[in-house]
Each structure stands twice: as structure tokens, then as C-alpha cells.
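Enquirer: Compact mmCIF, C-alpha atoms, saved as final-v3.txt, coming up:
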# COMPACT_ATOMS: atom_id res chain seq x y z
CA MET A 1 -17.95 17.00 -0.91
CA ALA A 2 -16.99 13.97 -2.98
CA GLN A 3 -16.15 10.37 -2.26
CA VAL A 4 -12.43 9.50 -2.33
CA ASN A 5 -11.83 7.09 -5.21
CA PHE A 6 -9.04 4.90 -6.51
CA LYS A 7 -7.88 6.33 -9.85
CA ALA A 8 -5.14 4.17 -11.36
CA ALA A 9 -2.03 2.10 -10.70
CA GLY A 10 1.30 2.18 -12.46
CA THR A 11 3.35 -0.82 -13.46
CA GLY A 12 5.17 -2.43 -10.55
CA ASN A 13 8.92 -2.99 -10.55
CA ALA A 14 11.07 -5.63 -8.86
CA THR A 15 14.70 -6.72 -8.67
CA ALA A 16 16.11 -10.21 -8.37
CA VAL A 17 17.78 -11.61 -5.27
CA SER A 18 21.26 -11.50 -6.83
CA SER A 19 20.78 -8.21 -8.69
CA ALA A 20 23.40 -5.47 -8.39
CA ILE A 21 20.65 -2.89 -8.93
CA THR A 22 20.01 -0.65 -5.92
CA THR A 23 17.17 1.38 -7.49
CA LEU A 24 13.52 0.49 -7.98
CA THR A 25 11.74 2.21 -10.88
CA PRO A 26 7.94 1.74 -10.70
CA SER A 27 6.05 3.67 -13.37
CA TRP A 28 3.74 6.58 -12.66
CA PRO A 29 0.02 6.13 -13.42
CA ALA A 30 -1.78 9.08 -15.03
CA VAL A 31 -2.26 11.72 -12.33
CA SER A 32 -3.65 15.25 -12.06
CA ALA A 33 -2.74 18.08 -9.72
CA GLY A 34 -4.10 17.39 -6.23
CA ASN A 35 -4.26 13.61 -6.63
CA LEU A 36 -2.73 11.51 -3.87
CA ALA A 37 0.00 9.09 -4.93
CA LEU A 38 0.86 6.24 -2.57
CA VAL A 39 3.84 4.03 -3.31
CA GLN A 40 4.09 0.56 -1.77
CA VAL A 41 7.71 -0.47 -1.20
CA VAL A 42 8.59 -3.98 0.00
CA CYS A 43 12.05 -5.38 0.73
CA ARG A 44 12.63 -9.12 1.14
CA ASN A 45 15.03 -8.49 4.01
CA LEU A 46 14.55 -7.26 7.58
CA THR A 47 17.29 -4.63 7.54
CA MET A 48 16.83 -3.05 4.11
CA THR A 49 15.79 0.62 4.10
CA PRO A 50 14.62 2.57 1.03
CA THR A 51 15.35 6.26 0.61
CA THR A 52 12.14 8.30 0.65
CA PRO A 53 11.89 9.93 -2.82
CA ALA A 54 11.78 13.73 -3.06
CA GLY A 55 8.29 15.09 -2.42
CA PHE A 56 7.13 11.93 -0.60
CA SER A 57 6.71 11.32 3.12
CA ILE A 58 6.30 8.08 5.04
CA VAL A 59 2.63 7.34 5.73
CA GLN A 60 3.18 3.97 7.37
CA GLY A 61 6.23 1.84 8.08
CA PRO A 62 8.55 0.17 8.32
CA ILE A 63 6.27 -2.74 9.14
CA THR A 64 8.39 -5.83 9.62
CA GLY A 65 7.13 -9.35 8.99
CA SER A 66 8.92 -12.68 9.10
CA THR A 67 10.55 -12.31 5.68
CA CYS A 68 10.01 -8.73 4.47
CA ARG A 69 9.45 -5.10 5.43
CA GLN A 70 6.86 -2.73 3.96
CA TRP A 71 6.58 1.04 3.67
CA ILE A 72 3.76 3.18 2.32
CA MET A 73 4.91 6.62 1.15
CA GLY A 74 2.64 9.43 0.02
CA LYS A 75 2.77 12.54 -2.16
CA ILE A 76 0.25 15.13 -3.33
CA CYS A 77 0.79 15.33 -7.08
CA ASP A 78 1.37 18.54 -9.04
CA GLY A 79 0.22 16.89 -12.29
CA THR A 80 3.62 16.74 -13.96
CA GLU A 81 4.56 13.27 -12.70
CA THR A 82 5.35 10.93 -15.61
CA GLY A 83 7.76 8.16 -16.48
CA ASN A 84 9.31 6.24 -13.59
CA LEU A 85 9.87 7.06 -9.94
CA SER A 86 13.36 6.31 -8.63
CA ILE A 87 13.59 4.66 -5.18
CA THR A 88 17.05 3.87 -3.86
CA VAL A 89 17.40 0.89 -1.52
CA SER A 90 20.25 0.48 0.94
CA THR A 91 21.55 -2.84 -0.39
CA SER A 92 21.59 -4.51 -3.80
CA THR A 93 21.74 -8.19 -2.94
CA LEU A 94 18.14 -9.08 -2.11
CA ALA A 95 14.78 -8.89 -3.84
CA LYS A 96 12.60 -5.77 -3.56
CA MET A 97 9.33 -4.53 -5.10
CA ALA A 98 7.46 -1.24 -5.55
CA ARG A 99 4.24 0.03 -7.15
CA ILE A 100 2.51 3.44 -7.31
CA TYR A 101 -1.26 3.92 -6.86
CA ALA A 102 -3.20 7.16 -7.48
CA PHE A 103 -6.36 8.44 -5.78
CA GLU A 104 -8.68 11.42 -6.37
CA ASN A 105 -10.99 13.67 -4.31
CA ASN A 106 -8.56 13.29 -1.41
CA ALA A 107 -7.45 15.86 1.14
CA THR A 108 -4.14 17.48 0.23
CA ALA A 109 -2.87 17.55 3.83
CA SER A 110 -3.58 15.34 6.84
CA TYR A 111 -5.11 12.83 4.47
CA THR A 112 -5.19 9.57 6.48
CA GLU A 113 -6.82 8.17 9.62
CA GLY A 114 -7.32 4.85 11.38
CA ALA A 115 -3.93 3.36 10.53
CA THR A 116 -3.28 -0.27 11.46
CA PHE A 117 -1.18 -3.19 10.25
CA SER A 118 -0.69 -6.94 10.56
CA THR A 119 1.77 -9.68 9.62
CA GLY A 120 1.47 -13.42 9.16
CA ALA A 121 4.02 -16.21 9.20
CA VAL A 122 3.64 -19.13 6.78
CA SER A 123 -0.12 -19.28 6.15
CA SER A 124 -2.54 -19.55 3.25
CA SER A 125 -4.98 -17.15 4.97
CA ILE A 126 -4.53 -13.37 5.02
CA SER A 127 -6.68 -11.71 7.68
CA ALA A 128 -7.87 -8.14 7.11
CA ARG A 129 -7.41 -5.47 9.76
CA PRO A 130 -10.34 -3.29 10.85
CA VAL A 131 -10.35 0.31 9.61
CA THR A 132 -12.46 2.92 11.43
CA THR A 133 -13.54 6.14 9.73
CA LEU A 134 -14.64 9.26 11.60
CA ASP A 135 -16.85 10.78 8.91
CA LYS A 136 -18.29 10.10 5.47
CA TYR A 137 -16.79 9.68 1.98
CA ARG A 138 -13.57 7.99 3.13
CA LEU A 139 -11.85 5.23 1.19
CA ALA A 140 -10.44 2.38 3.28
CA VAL A 141 -7.28 0.89 1.76
CA THR A 142 -5.23 -2.22 2.52
CA PHE A 143 -1.81 -2.79 0.96
CA VAL A 144 -0.89 -6.49 0.97
CA ALA A 145 2.54 -7.99 0.28
CA VAL A 146 3.21 -11.73 0.01
CA SER A 147 6.55 -13.54 -0.11
CA ASP A 148 5.54 -15.53 -3.20
CA ASP A 149 4.03 -14.79 -6.61
CA ASN A 150 0.58 -15.99 -5.56
CA ALA A 151 -2.70 -14.99 -7.17
CA LEU A 152 -4.47 -12.78 -4.62
CA SER A 153 -8.22 -12.29 -4.14
CA PRO A 154 -10.31 -9.76 -2.18
CA PHE A 155 -11.15 -10.36 1.47
CA VAL A 156 -14.47 -12.12 2.04
CA GLY A 157 -16.66 -12.32 5.13
CA GLU A 158 -16.11 -8.71 6.28
CA THR A 159 -18.80 -6.48 7.80
CA GLY A 160 -19.29 -2.72 7.65
CA GLY A 161 -18.13 -2.44 4.05
CA ASP A 162 -16.95 -4.42 1.03
CA TRP A 163 -13.29 -5.02 0.26
CA THR A 164 -12.55 -5.26 -3.47
CA GLU A 165 -9.31 -5.56 -5.40
CA ALA A 166 -8.60 -2.11 -6.86
CA THR A 167 -6.44 -3.44 -9.70
CA PRO A 168 -4.88 -6.83 -10.53
CA GLU A 169 -1.98 -7.63 -8.21
CA PHE A 170 1.63 -7.15 -9.29
CA THR A 171 3.68 -10.35 -9.11
CA THR A 172 7.30 -11.14 -9.76
CA THR A 173 9.30 -14.35 -10.15
CA GLN A 174 12.66 -12.60 -10.01
CA GLY A 175 14.85 -14.20 -7.38
CA LEU A 176 12.67 -14.41 -4.29
CA ASP A 177 9.10 -14.37 -5.63
CA GLY A 178 6.61 -11.79 -4.44
CA ALA A 179 3.19 -10.18 -4.88
CA LEU A 180 1.76 -6.73 -4.16
CA GLN A 181 -1.96 -6.01 -3.88
CA LEU A 182 -4.24 -3.06 -3.09
CA GLN A 183 -7.72 -3.68 -1.67
CA ILE A 184 -10.21 -0.83 -1.23
CA ALA A 185 -13.58 -0.30 0.45
CA ILE A 186 -15.81 2.75 -0.04
CA MET A 187 -16.91 4.12 3.33
CA ALA A 188 -19.84 6.41 2.47
CA SER A 189 -20.53 7.06 6.16
CA SER A 190 -18.55 6.85 9.38
CA GLY A 191 -18.02 3.38 10.80
CA THR A 192 -15.71 0.38 10.92
CA ILE A 193 -15.05 -2.24 8.29
CA THR A 194 -13.90 -5.36 10.11
CA GLY A 195 -13.23 -9.03 9.50
CA GLY A 196 -12.54 -10.64 6.17
CA VAL A 197 -10.07 -13.27 5.00
CA SER A 198 -8.32 -13.89 1.70
CA THR A 199 -7.21 -17.47 1.00
CA MET A 200 -4.17 -18.18 -1.17
CA ILE A 201 -3.43 -21.41 -3.01
CA ALA A 202 -0.09 -21.69 -1.16
CA ALA A 203 1.03 -20.99 2.40
CA ASP A 204 3.48 -18.08 2.54
CA PRO A 205 4.42 -15.18 4.82
CA TRP A 206 2.46 -11.95 4.31
CA ILE A 207 2.26 -8.40 5.60
CA LEU A 208 -0.35 -5.65 5.26
CA SER A 209 -0.87 -1.94 5.93
CA ALA A 210 -4.36 -0.45 6.30
CA PHE A 211 -5.89 3.00 6.84
CA ALA A 212 -8.54 5.34 5.43
CA ILE A 213 -8.00 8.23 3.00
CA ILE A 214 -9.85 11.44 3.96
CA PRO A 215 -11.77 13.51 1.36
CA ALA A 216 -10.74 17.06 0.54
CA SER A 217 -13.63 18.93 2.13
CA THR A 218 -13.29 17.38 5.60
CA ALA A 219 -9.54 17.67 6.10
CA ALA A 220 -9.45 20.75 8.34
CA GLY A 221 -8.35 20.08 11.87
CA ILE A 222 -7.52 16.40 11.42
CA THR A 223 -3.96 15.26 12.00
CA THR A 224 -2.36 12.71 9.72
CA ARG A 225 -1.53 9.55 11.60
CA ILE A 226 1.97 8.40 10.77
CA MET A 227 2.98 5.00 12.09
CA ILE A 228 6.65 4.14 12.34
CA VAL A 229 7.44 0.63 13.52
CA ASP A 230 10.97 -0.66 13.91
Take the structure from the file and write it as C-alpha cells.
Expert:
Amino acid sequence: MAQVNFKAAGTGNATAVSSAITTLTPSWPAVSAGNLALVQVVCRNLTMTPTTPAGFSIVQGPITGSTCRQWIMGKICDGTETGNLSITVSTSTLAKMARIYAFENNATASYTEGATFSTGAVSSSISARPVTTLDKYRLAVTFVAVSDDNALSPFVGETGGDWTEATPEFTTTQGLDGALQLQIAIMASSGTITGGVSTMIAADPWILSAFAIIPASTAAGITTRIMIVD
């Protein structure tokens, strides 16, 4: 049995508010067969809908905030993934963002638990959601999206674990500004990580998705929790 770990992130991609482009093309990080890839897709519009790429399934979403919607989509990699992933979005006229993150030592089926989410209107404080794990060696993850190109920091003041920023956030100034961030917390034993706040320099709307990734050796008999909110 091995601890689930964050492996790498690809380069994020964004389109401008007035762009005629209907496809997002985030780059693949280096992956191996069996790794879990999670792509964070955010649309700065409350009716936009991305097409789920081949091989992916929706893990969480759509989660709708005051200015944007977020989806987390997942795929178990076969090790041949390179270049850019193509994600088609239903309209071309508003800003959108996407980034791919890779994980290792994960289950290859039924790989999440404890899903939750939150949204915030115009505020400089982003409040973490609690994530509860049922056994050891999980990795708690929180995907944050902000409707501005703010610098983002890890949550502070949490208990039951330690949120850290997995990789520097992706920001864009194209059209409607935006930022994407992944925070992670190693959960070596069962329990709940709760509390924690991240303070931004500016007050802007935000949205987050949170859950735990299950390790490979404890996946049997656990059902993936898929949350669809509309």
C-alpha cells in the first residue's frame, strides 16, 4: 500500500472573452500507465458547458458560482498521453480556462470519496471545505478557481491535516481574468481535514471543488462519488 501523491501539472490554457475559439488545449504533464489525470475546467459564464473529452468522466460538477462554473473530469492514463488535450466548449464568446493535473499510487476505479464544494461572492477570503477520509493513505485535494488573476496561497488555520499548494497557480489576463489552483493534503490515516482560509489581495468571486483520492490497494468495494450540480 502506498500513499497517493501529486505527480505533475501541465500548462494551463485560457481563451479571451471575445475569442472565436471554442476549444481549450491544456497540455499534458508527464504521465505513466495507471496514473490518475484530473482536468479542471472553468467557464466564466453560467450556461457554458464543455464536452467531456474521450476517456474522461465527470468527477464533480457543474458547480455554479456567481460568475463561473467548474467541472473536474478524470481519466486513468494508459501512458501514451502527450501534447495537448482538446476540450470543446459550447460557446466561443466568453473566457474559459483548463489545466491537467496528474497523480500516482491511486486506485484505477472508484477513486474518490468525501466530495464537497463551495462558492463565494465578492470576497478576499476563500474558505476551505472539510474533506473526510475513510482509511489511510488518501490525498485530499481542493481545486480553486477565482474570477481574477490573483496570486493564490495555501489555506492556513486548518486542523486534521496541512493544505499546501501542489504547484504554482495558473493565471490568465485574457479578457476576463482568472486563476486556477490545486491544494493538496496528505491524509496518512482516516480522519477529517477541516477549516482553513486563504486570503487574496483583492476581493473577487471564487469557487472550489474538494474530495479525497483513494489509493490503489484499498479501492475494492468503494463506490466513486460523483456530484452533479445544476
Enquirer: So, counting all atoms listed in the file, which residue among A:Ala140, A:Val39, A:Ile213, A:Ile207 is closest to Ile186 in chain A?
Expert: A:Ala140
Enquirer: Distance cut-off 10 Å, centre (-3.5, 11.8, -3.3) in file coordinates, counting only C-alpha atoms: which residues qualify? Return them as JSON, numbers by chain.
Expert: {"A": [4, 5, 6, 7, 31, 32, 33, 34, 35, 36, 37, 38, 74, 75, 76, 77, 101, 102, 103, 104, 105, 106, 107, 108, 109, 111, 213, 214, 215, 216]}
Enquirer: How many Å lie between CA of Val41 in chain A and CA of Pro62 in chain A, rounded to one decimal?
Expert: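 Between these atoms lies a distance of 9.6 Å.
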Enquirer: As an exercise, work out the distance from CA of Met200 in chain A to CA of Ile184 in chain A in Å and give it to one decimal place.
Expert: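 Atom-to-atom, CA of Met200 in chain A to CA of Ile184 in chain A, that is 18.4 Å.
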Enquirer: If we count only C-alpha atoms, what is near range 188-190 of chain A at a cut-off of 9 Å, once residues fewer than 4 positions away on the same chain are taken out, given as a list in words?
Expert: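 Contacts, in chain order: Gln3, Thr132, Thr133, Leu134, Asp135, Lys136, Tyr137, Arg138 and Leu139 of chain A.
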Enquirer: With only C-alpha atoms as the atoms that count, which of A:Pro205, A:Gly160, A:Pro154, A:Gly10 lies nearest to Thr67 in chain A?
Expert: A:Pro205
Enquirer: Would you mind telling me which residue in A:Thr52, A:Ser127, A:Thr194, A:Thr142 lies nearest to Leu180 in chain A when using all atoms listed in the file?
Expert: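 Checking each of A:Thr52, A:Ser127, A:Thr194, A:Thr142 against Leu180 in chain A, counting all atoms listed in the file, the winner is A:Thr142.
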Enquirer: Tell me, as an MDAnalysis selection string, which residues lie within 10 Å of Ala179 in chain A, counting only C-alpha atoms; anything in the same chain fewer than 2 positions away does not count.
Expert: chainID A and resid 12 14 42 97:98 144:152 169:173 177 181 206
Enquirer: Export C-alpha atoms of the chosen residues as an mmCIF file, in the coordinates of the input?
Expert:
data_model
loop_
_atom_site.group_PDB
_atom_site.id
_atom_site.type_symbol
_atom_site.label_atom_id
_atom_site.label_comp_id
_atom_site.auth_asym_id
_atom_site.auth_seq_id
_atom_site.Cartn_x
_atom_site.Cartn_y
_atom_site.Cartn_z
ATOM 1 C CA GLY A 12 5.170 -2.430 -10.550
ATOM 2 C CA ALA A 14 11.070 -5.630 -8.860
ATOM 3 C CA VAL A 42 8.590 -3.980 0.000
ATOM 4 C CA MET A 97 9.330 -4.530 -5.100
ATOM 5 C CA ALA A 98 7.460 -1.240 -5.550
ATOM 6 C CA VAL A 144 -0.890 -6.490 0.970
ATOM 7 C CA ALA A 145 2.540 -7.990 0.280
ATOM 8 C CA VAL A 146 3.210 -11.730 0.010
ATOM 9 C CA SER A 147 6.550 -13.540 -0.110
ATOM 10 C CA ASP A 148 5.540 -15.530 -3.200
ATOM 11 C CA ASP A 149 4.030 -14.790 -6.610
ATOM 12 C CA ASN A 150 0.580 -15.990 -5.560
ATOM 13 C CA ALA A 151 -2.700 -14.990 -7.170
ATOM 14 C CA LEU A 152 -4.470 -12.780 -4.620
ATOM 15 C CA GLU A 169 -1.980 -7.630 -8.210
ATOM 16 C CA PHE A 170 1.630 -7.150 -9.290
ATOM 17 C CA THR A 171 3.680 -10.350 -9.110
ATOM 18 C CA THR A 172 7.300 -11.140 -9.760
ATOM 19 C CA THR A 173 9.300 -14.350 -10.150
ATOM 20 C CA ASP A 177 9.100 -14.370 -5.630
ATOM 21 C CA GLN A 181 -1.960 -6.010 -3.880
ATOM 22 C CA TRP A 206 2.460 -11.950 4.310
#
Enquirer: Work out how far apart CA of Ala115 in chain A and CA of Arg129 in chain A are and give it in Å to one decimal.
Expert: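 So the two atoms, CA of Ala115 in chain A and CA of Arg129 in chain A, lie 9.5 Å apart.
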Enquirer: When you count only C-alpha atoms, which of these residues is closest to Thr49 in chain A: A:Val89, A:Gly195, A:Thr82, A:Trp163?
Expert: A:Val89
Enquirer: Using all atoms listed in the file, which residues sit within 8 Å of Pro26 in chain A once same-chain residues fewer than 5 positions away are excluded, as a list in words?
Expert: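 After dropping sequence-adjacent residues, the list is Gly10, Thr11, Gly12, Asn13, Asn84, Leu85, Ser86, Ala98, Arg99 and Ile100 of chain A.
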Enquirer: May I have the residues at most 10 Å from (-13.7, -9.6, 0.8) in the file's coordinates, counting all atoms listed in the file, as a ChimeraX atom specification?
Expert: /A:128,153-159,161-165,183-185,195-198
Enquirer: Pick out the residues sitting within 7 Å of Met73 in chain A, and hand them over as a VMD selection string; count all atoms listed in the file, and ignore anything fewer than 4 positions along from it in its own chain.
Expert: chain A and resid 38 to 40 56 to 60
Enquirer: A:Ser118, A:Ser209, A:Thr167, A:Thr25: which is nearest Ile72 in chain A, counting all atoms listed in the file?
Expert: A:Ser209
Enquirer: For Ala54 in chain A, which of A:Ile21, A:Gly120, A:Ile87, A:Thr112 is the closest residue, counting only C-alpha atoms?
Expert: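 So, comparing all the options, the nearest one is A:Ile87.
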